[in-house]
Every structure is written in C-alpha cells, then in structure tokens.
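Enquirer: Sharing a structure below in structure tokens format, with a few things to ask.
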Amino acid sequence: MGLAAMRSRWMADGTEILYDKDIREPLFVFLEETYGKTRILEEKRTGSARADAVMVTPEILYGIEIKSDADTYARLGKQVKNYDWYYDRNILVAGTSHAAHVKEHVPEWWGIITVEPDENGEADFYVLREADANPKVRDRRKITILWRTELNRLLEKNGLPRYKEKSKLFVQDKLIEKVPGGILWPQAYEELFERDYNTIGQEIEEFRRSKRRKV
C-alpha cells in the first residue's frame, strides 16, 4: 500500500476512517440484532436517487442512507427528498467525521445511527436518534418497489381480478384503492421478504409470454 493510501485511512485527529465497504456488512448485522426480523435490499432505485439500502420489516419499510467518513453532504438534500417519498421511516448512518453536525442535515423524523471504529478498528454503531413515522411518504411511490409478479400475488390474496391487460401503474393504483393500507402493506412487505432474485427473470418472461398470447 502506498503512502498516500495509508494516509487516506486516517483523519486529521488520528481517528481511523471507515469507508462504505467497511460499514455495510457490520451495519446489516447490527440492524438485524436491533430490529429483529429484517431483510436488506441493497442499491434500490428511489426516484431520481438510489437508496444505499432498504430494510424490510413485517410492518415498516426503512430507507437507509450511508454517509461514510469519505462522503460529503453535497447530494443529501436531494436524497432526503426522494427517500421521504418512498419509505415509512428513514435512517442516516453517519461516520465519525459527520457526527457533530448530522442532525442539521436531515429532518427531525429521520433516525440517525453513528458509526466509528472500535479499539480493533471494527465498525461500532450507536443509535443517536430513533426513526419516527415519515409524514411525507406517498403510497403511489412506495408501491413501485414491488415487481409485477408480486403485485399479481397481492391481487390474488385480496380477491381482485388479475387485470392482465392493464399496465403495472393501473394495478398499483387499483391495489391502493381497493385494499386498506393496514392489510396491503404488511402483505407487500411479506412479498419483499420472499423475493427471489434467482427466479425473477423466469417470472417476467412467463408474464410477457402470457401477454403476447392475448394479442
């Protein structure tokens, strides 16, 4: 490792820098230990931004933004706006270099978790502020996280027509219109728990073939 690379591991006060890659896996373990049953979906498109992670729980969908010591707040304003459209609650995970001013950069309903290296250089997490209900979340944005095959299963669970000739947007709106949120969202989150990235290609192709047969 070159001298410049070695220096890049340390801040001016001698504190070791934790990069995104140092934080992610320990963070996901911490979240599971803290919140119980969870599933993490990484790098999820969130409007015109991208969520570092989405945490699914049986009743709440969390957006999680990671700001390591190597990151800045330059894009956070735009990211906050997008997160607030999509997730029930949001959490900012901030490195030591951000800890002093982190509360100034996110709304009061955002949770804040700070991360710093312990005596062994491993990531150590502290819940500075619990996430509160997000008043700006939009159901029509949140439901776009679901795949068409997942939406189809929700239609079936709730005794609704399959709407095979209708667009995905139509199906999303119909579910929001017909199924009370207290029923719809726990069902939707269960779909996210069961999501299988190994079979989605096959499911999409089968859906497209069924549509072509109708033409």
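Residues in the structure tokens are numbered from 1 in each chain, the chains being A, B, ... in the order shown, and ligands are numbered from 1 in the order shown.
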Just want the 8 Å neighbourhood of range 50-61 of chain A, counted on only C-alpha atoms, with same-chain residues fewer than 5 positions away dropped. Output as a PyMOL selection string.

Expert: chain A and resi 35+37-45+66+79+83+87-89+185-186+189-190+192-193

Enquirer: Considering only C-alpha atoms, give me a table of residues in range 118-195 of chain A that are at most 6 Å from range 111-114 of chain A, with the closest atom pair and distance in Å for each, as CSV.

Expert:
```
residue,atom,partner,partner_atom,distance
A:Phe125,CA,A:Thr114,CA,5.7
A:Tyr126,CA,A:Thr114,CA,5.3
A:Val127,CA,A:Ile113,CA,4.5
A:Leu128,CA,A:Ile112,CA,5.4
A:Arg129,CA,A:Ile112,CA,4.9
A:Glu130,CA,A:Gly111,CA,4.6
A:Ala131,CA,A:Gly111,CA,3.5
```

Enquirer: Calculated over only C-alpha atoms, which of the candidates A:Gly47, A:Ile64, A:Lys164, A:His101 has the smallest distance to Asn82 in chain A?

Expert: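 So, comparing all the options, the nearest one is A:Gly47.
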
Enquirer: Given the choices A:Glu165, A:Glu119, A:Glu150, A:Asp22, which gets closest to Asp196 in chain A if the distance is worked out from only C-alpha atoms?

Expert: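 The closest residue to Asp196 in chain A is A:Glu150.
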
Enquirer: With 12 Å as the cut-off and only C-alpha atoms counted, what is the closest atom pair between each nearby residue of range 107-131 of chain A and range 136-140 of chain A? Distances in Å to one decimal, ordered by chain and number, as a tab-separated table.

Expert:
```
residue	atom	partner	partner_atom	distance
A:Pro107	CA	A:Lys136	CA	10.9
A:Trp109	CA	A:Lys136	CA	10.2
A:Trp110	CA	A:Lys136	CA	11.5
```

Enquirer: Keeping only all heavy atoms, write those residues as a short mmCIF file (atom, residue, chain, number, x, y, z; two decimals), in the first residue's frame.

Expert:
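Result file is again-v9.cif:
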```
data_model
loop_
_atom_site.label_atom_id
_atom_site.label_comp_id
_atom_site.auth_asym_id
_atom_site.auth_seq_id
_atom_site.Cartn_x
_atom_site.Cartn_y
_atom_site.Cartn_z
N PRO A 107 -34.29 15.78 8.25
CA PRO A 107 -35.48 16.19 9.01
C PRO A 107 -35.55 15.50 10.38
O PRO A 107 -34.92 14.45 10.60
CB PRO A 107 -36.64 15.74 8.12
CG PRO A 107 -36.06 15.63 6.75
CD PRO A 107 -34.63 15.20 6.95
N TRP A 109 -37.71 13.71 11.71
CA TRP A 109 -38.27 12.36 11.77
C TRP A 109 -37.28 11.28 11.30
O TRP A 109 -37.56 10.11 11.41
CB TRP A 109 -39.56 12.28 10.96
CG TRP A 109 -39.46 12.73 9.54
CD1 TRP A 109 -39.05 12.00 8.46
CD2 TRP A 109 -39.78 14.03 9.04
NE1 TRP A 109 -39.08 12.75 7.32
CE2 TRP A 109 -39.54 14.01 7.63
CE3 TRP A 109 -40.27 15.21 9.61
CZ2 TRP A 109 -39.76 15.11 6.82
CZ3 TRP A 109 -40.48 16.31 8.81
CH2 TRP A 109 -40.23 16.25 7.43
N TRP A 110 -36.17 11.70 10.78
CA TRP A 110 -35.16 10.72 10.37
C TRP A 110 -34.43 10.16 11.58
O TRP A 110 -34.06 10.89 12.50
CB TRP A 110 -34.14 11.37 9.44
CG TRP A 110 -34.53 11.39 7.99
CD1 TRP A 110 -35.66 11.94 7.47
CD2 TRP A 110 -33.79 10.84 6.90
NE1 TRP A 110 -35.67 11.78 6.10
CE2 TRP A 110 -34.54 11.10 5.72
CE3 TRP A 110 -32.58 10.18 6.80
CZ2 TRP A 110 -34.11 10.70 4.47
CZ3 TRP A 110 -32.14 9.77 5.54
CH2 TRP A 110 -32.91 10.03 4.39
#
```

Enquirer: Fewer than 6 positions away in the same chain doesn't count, so skip those; otherwise give me all residues within 12 Å of Asp124 in chain A, counting only C-alpha atoms, as a CSV table (one decimal) with N, CA, C and O atoms, in the first residue's frame.

Expert:
```
chain,number,residue,atom,x,y,z
A,18,LEU,N,-13.6,5.1,8.3
A,18,LEU,CA,-14.3,4.0,7.9
A,18,LEU,C,-15.0,4.3,6.5
A,18,LEU,O,-15.7,5.3,6.4
A,22,ASP,N,-16.4,-0.7,4.6
A,22,ASP,CA,-16.2,-1.2,6.0
A,22,ASP,C,-17.4,-1.2,6.8
A,22,ASP,O,-17.5,-1.9,7.9
A,23,ILE,N,-18.4,-0.5,6.4
A,23,ILE,CA,-19.6,-0.2,7.2
A,23,ILE,C,-20.8,-1.2,6.9
A,23,ILE,O,-21.5,-1.7,7.8
A,24,ARG,N,-20.9,-1.5,5.6
A,24,ARG,CA,-22.2,-2.2,5.2
A,24,ARG,C,-22.5,-3.5,5.9
A,24,ARG,O,-23.5,-3.7,6.5
A,25,GLU,N,-21.6,-4.5,5.8
A,25,GLU,CA,-21.9,-5.8,6.4
A,25,GLU,C,-22.1,-5.7,7.9
A,25,GLU,O,-23.1,-6.3,8.4
A,26,PRO,N,-21.2,-5.1,8.6
A,26,PRO,CA,-21.5,-4.9,10.1
A,26,PRO,C,-22.8,-4.2,10.4
A,26,PRO,O,-23.5,-4.5,11.4
A,27,LEU,N,-23.1,-3.2,9.6
A,27,LEU,CA,-24.4,-2.4,9.8
A,27,LEU,C,-25.6,-3.4,9.6
A,27,LEU,O,-26.5,-3.3,10.4
A,29,VAL,N,-25.8,-6.5,10.1
A,29,VAL,CA,-25.8,-7.4,11.3
A,29,VAL,C,-26.4,-6.6,12.5
A,29,VAL,O,-27.3,-7.1,13.2
A,30,PHE,N,-26.0,-5.4,12.7
A,30,PHE,CA,-26.4,-4.5,13.8
A,30,PHE,C,-27.9,-4.3,13.6
A,30,PHE,O,-28.7,-4.3,14.6
A,93,VAL,N,-27.0,6.8,8.4
A,93,VAL,CA,-25.9,6.2,9.1
A,93,VAL,C,-24.7,7.0,8.8
A,93,VAL,O,-24.2,7.2,7.6
A,94,ALA,N,-24.1,7.7,9.8
A,94,ALA,CA,-23.1,8.7,9.6
A,94,ALA,C,-21.8,8.3,10.3
A,94,ALA,O,-21.8,7.9,11.5
A,95,GLY,N,-20.7,8.5,9.6
A,95,GLY,CA,-19.3,8.3,10.1
A,95,GLY,C,-19.0,9.4,11.1
A,95,GLY,O,-19.6,10.4,11.3
A,96,THR,N,-17.9,9.1,11.8
A,96,THR,CA,-17.4,10.0,12.9
A,96,THR,C,-17.2,11.4,12.5
A,96,THR,O,-17.6,12.4,13.2
A,113,ILE,N,-28.0,6.9,13.0
A,113,ILE,CA,-27.0,5.9,13.6
A,113,ILE,C,-25.6,6.4,13.3
A,113,ILE,O,-25.3,6.7,12.2
A,114,THR,N,-24.8,6.5,14.4
A,114,THR,CA,-23.4,6.9,14.1
A,114,THR,C,-22.6,5.7,14.2
A,114,THR,O,-22.9,4.7,14.8
A,115,VAL,N,-21.5,5.7,13.4
A,115,VAL,CA,-20.5,4.6,13.3
A,115,VAL,C,-19.1,5.1,13.5
A,115,VAL,O,-18.7,6.1,12.9
A,116,GLU,N,-18.4,4.4,14.3
A,116,GLU,CA,-17.0,4.8,14.5
A,116,GLU,C,-16.2,3.5,14.7
A,116,GLU,O,-16.7,2.4,15.1
A,117,PRO,N,-14.9,3.5,14.5
A,117,PRO,CA,-14.1,2.3,14.7
A,117,PRO,C,-13.9,2.1,16.2
A,117,PRO,O,-13.6,3.0,17.0
A,118,ASP,N,-14.0,0.8,16.6
A,118,ASP,CA,-13.7,0.4,18.0
A,118,ASP,C,-12.2,0.2,18.1
A,118,ASP,O,-11.4,0.5,17.2
```

Enquirer: Mind pulling up the distance from CA of Asn120 in chain A to CA of Ala100 in chain A?

Expert: 23.0 Å
